[in-house]
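Below is one structure, written out as structure tokens, with a few remarks after it.
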Amino acid sequence: MGLDNKLSRITRRDLFRVAGRYGMSSTLLAAGGFGGAMSLANLASAAESTYEKRFSKPAKHTLKFGAAGFNARNLLIERAGALEFARDLESRTDGEIRIEFIGDNQICGQTSCVEKTQQGIVDIYAASTQNSAGGAPYLNVLDYAYMFPGRASQYHFLYSPDSQRILRDPLEKRHGLKFLFSHCELRGIQLGLGWEDKPTVTKLEELFGTKNRVTGTQLGRIAMQALNLNPVPVAWEETLDGLKQGLIDGAETWASAVAYANMSPVVSQSVDLKFFCGTEHTSMSASVFDSLEGYLQDAVMESSYWAQTHVQAANEAALVKTVGHSDPQMPGTIFAENNVRNAFLADDQIKMAEEMCSPEFQPQLWEQWRERLNGWAGGIDTYQEIYDIARQVPADMKPENVEPRRWWKG
């Protein structure tokens, strides 16, 4: 159950009243851990006991956790695992690490959380790797087109000990960030209200020439240009308006982002192009991690592993039961209630897109970035290595069936 549903009987004002008394972190942690819908009295009592437990002894380390768009009313707060990680780490360390959770863009936003972590303003952050690629360009390594055939291959890579060598170590060395865990989806084109009365997209060519908002990823733009999708950088605040009024045709993002960011009312079709990663990840300042005692570092890693397994199961369930990203669509889901149609393209259409834009078929488009990323990774072929690992599991494997592994233990 999403926090949205749990808090449906509580007004924003009441929520802030409870938070004013017990702190937003204790209030959110209490709400996130509560089973079923809660009343104001339930919330206040849960927040009080959470607060008392968290502050029963002085913390050795208090870490600031800046979470971009996550707030008490949106659903991704649970699926991206940020609160679960915070709750588990506090409990695992018996309160020696305390997390001050600051969501709702209050301390940092999708594109600025990464820089604020590098500057030491926050210690941990959650945002998409694509939006964070502006401040940490090595994160582009996840965004080669059609490198991952499905969500299972994304999870398999993140659990793989090789992700340490290919993704995590270069990120830490180059940008001072420790990649902890991530949610996994693949991006498509979310078409605005200008497409409401048009038939559901079934052919790739129906998208050619459309104008689409692009995120912070440099590699995503290469794929969009090759697919004739006219990437235009539009500020997030203006995206909803653009989709509503038809100033842009669509936006590249993933299904649950549409649901959590309240885009559903202005999206008519969710075209599942699956052309590159949509990864809402959590990273930590490497220097802050290094300053922790060894046993607390172990705890951070174990909580990251726990959060990764939680996200893997919870997001898969939420995609079908909460978002409505399935065929047939479940009634009562966010997509169903907002008349968002899923456009799942046939294999031959996905193959055509892959042949138009992927490094495998169009290597010349990627040369410059591939060389740069390979150099940062110490000379390995980043695309080929990730591509091969992604194919160690069957393309049609259910993501929830991927075997979890402690990636740092090799």
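Letters A, B, ... go to the chains of the structure tokens in the order shown; residues in each chain start at 1; ligands are counted from 1 in the same order.
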
Which of stretch 104-295 of chain A counts as alpha helix (DSSP H) under DSSP, as a ChimeraX atom specification please?
/A:113-118,129-132,151-159,162-163,169-175,218-226,236-245,255-260,286-291,294-295

Please identify all polymer residues within 10 Å of A:Pro331, counting only C-alpha atoms, omitting same-chain residues fewer than 6 positions from it, and present them as a list in words.
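Here the qualifying residues turn out to be Lys321, Thr322, Gly324 and Glu337 of chain A.
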
Within 10 Å of stretch 261-264 of chain A, which residues of stretch 276-341 of chain A come that close, and what is the closest atom pair and distance in Å for each? Count only C-alpha atoms and give it as a Markdown table.
```
| residue | atom | partner | partner_atom | distance |
| --- | --- | --- | --- | --- |
| A:Val323 | CA | A:Ser264 | CA | 9.5 |
| A:Ile334 | CA | A:Ser264 | CA | 7.2 |
| A:Phe335 | CA | A:Ser264 | CA | 6.5 |
| A:Ala336 | CA | A:Ser264 | CA | 9.5 |
| A:Glu337 | CA | A:Ser264 | CA | 8.9 |
| A:Asn338 | CA | A:Ser264 | CA | 6.0 |
| A:Asn339 | CA | A:Ser264 | CA | 8.2 |
| A:Val340 | CA | A:Ser264 | CA | 6.7 |
```

How would the residues just picked look written out with C-alpha atoms as a tab-separated table (two decimals), in the first residue's frame?
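Output file part05.tsv follows:
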```
chain	number	residue	atom	x	y	z
A	323	VAL	CA	0.38	2.41	-11.35
A	334	ILE	CA	-3.64	5.52	-11.25
A	335	PHE	CA	-3.44	4.96	-15.02
A	336	ALA	CA	-6.96	3.51	-15.17
A	337	GLU	CA	-8.45	6.37	-13.17
A	338	ASN	CA	-6.74	8.97	-15.37
A	339	ASN	CA	-7.40	7.22	-18.69
A	340	VAL	CA	-3.72	6.65	-19.41
```

Contacts of A:Ile99 at 9 Å (only C-alpha atoms; same-chain gap of 5+ positions) as a PyMOL selection string:
chain A and resi 25+61-65+86-87+89-90

For A:Phe70, which of A:Leu83, A:Ala318, A:Leu373, A:Phe361 is the closest residue, counting only C-alpha atoms?
A:Leu83

What does the structure give for the distance between atom CA of A:Ile10 and atom CA of A:Leu43, in Å to one decimal?
8.9 Å

Tell me which of A:Ser268, A:Asn228, A:Asn212, A:Asn401 sits closest to A:Ala152, counting only C-alpha atoms.
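The answer is A:Asn401, which sits nearest to A:Ala152.
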
Can you pull out every residue within 9 Å of A:Ala46, counting only C-alpha atoms, but drop anything in the same chain fewer than 4 positions away, and send it as a list in words?
Ser26, Thr27, Ala30, Ala31, Phe34, Ala41, Asn42, Thr50 and Tyr51 of chain A

Kindly export the residues of the current selection with N, CA and C atoms, as a PDB file, in the first residue's frame.
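In the end it all went to part.pdb:
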```pdb
ATOM      1  N   SER A  26      10.585  11.285  11.794  1.00  0.00           N
ATOM      2  CA  SER A  26       9.860  10.324  12.639  1.00  0.00           C
ATOM      3  C   SER A  26       8.446  10.115  12.117  1.00  0.00           C
ATOM      4  N   THR A  27       7.815  11.184  11.634  1.00  0.00           N
ATOM      5  CA  THR A  27       6.438  11.092  11.126  1.00  0.00           C
ATOM      6  C   THR A  27       6.387  10.239   9.863  1.00  0.00           C
ATOM      7  N   ALA A  30       7.219   6.580  10.629  1.00  0.00           N
ATOM      8  CA  ALA A  30       6.066   5.937  11.281  1.00  0.00           C
ATOM      9  C   ALA A  30       4.997   5.605  10.243  1.00  0.00           C
ATOM     10  N   ALA A  31       4.697   6.546   9.370  1.00  0.00           N
ATOM     11  CA  ALA A  31       3.653   6.338   8.355  1.00  0.00           C
ATOM     12  C   ALA A  31       4.041   5.231   7.391  1.00  0.00           C
ATOM     13  N   PHE A  34       3.532   1.660   8.720  1.00  0.00           N
ATOM     14  CA  PHE A  34       2.195   1.337   9.216  1.00  0.00           C
ATOM     15  C   PHE A  34       1.432   0.515   8.191  1.00  0.00           C
ATOM     16  N   ALA A  41      -5.078  10.157  14.737  1.00  0.00           N
ATOM     17  CA  ALA A  41      -4.685   9.655  16.061  1.00  0.00           C
ATOM     18  C   ALA A  41      -3.634   8.538  15.923  1.00  0.00           C
ATOM     19  N   ASN A  42      -3.874   7.618  14.971  1.00  0.00           N
ATOM     20  CA  ASN A  42      -2.893   6.544  14.696  1.00  0.00           C
ATOM     21  C   ASN A  42      -1.533   7.133  14.358  1.00  0.00           C
ATOM     22  N   THR A  50       7.778   6.224  17.464  1.00  0.00           N
ATOM     23  CA  THR A  50       8.955   6.206  16.582  1.00  0.00           C
ATOM     24  C   THR A  50       9.996   7.214  17.074  1.00  0.00           C
ATOM     25  N   TYR A  51       9.515   8.409  17.438  1.00  0.00           N
ATOM     26  CA  TYR A  51      10.396   9.476  17.926  1.00  0.00           C
ATOM     27  C   TYR A  51      11.117   9.016  19.195  1.00  0.00           C
TER      28      TYR A  51
END
```

Can you tell me which residues surround A:His175 at a distance of at most 9 Å, considering only C-alpha atoms, apart from same-chain residues fewer than 2 positions away, and format the answer as a list in words?
Gln118, Gly135, Ala136, Pro137, Tyr138, Pro170, Leu171, Glu172, Lys173, Leu177, Lys178 and Ala286 of chain A

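You will find atom CA of A:Asp388 at 19.6 Å from atom CA of A:Ala353.
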
Find the residues near A:Arg221: any atom within 9 Å, counting only C-alpha atoms, skip ones fewer than 6 places away on the same chain, and give them as a list in words.
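Near A:Arg221, the qualifying residues are Val214, Thr215, Asn230, Pro231 and Val232 of chain A.
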
Residue nearest A:Gly192 - candidates A:Lys274, A:Leu219, A:Gly250, A:Arg168, atoms counted: only C-alpha atoms:
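With only C-alpha atoms as the atom set, the closest residue is A:Gly250.
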
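Of the residues listed (A:Gln225, A:Ser303, A:Thr333, A:Thr282), A:Thr282 shows the shortest atom-to-atom separation from A:Gln110; distances use only C-alpha atoms.
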
What does the distance from atom CA of A:Gly95 to atom CA of A:Ala59 come to in Å, to one decimal?
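Between atom CA of A:Gly95 and atom CA of A:Ala59 the gap is 5.8 Å.
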
Determine the nearest neighbour of A:Lys116 from the options A:Ile97, A:Ala67, A:Leu247, A:Ala259, counting only C-alpha atoms.
A:Ala67
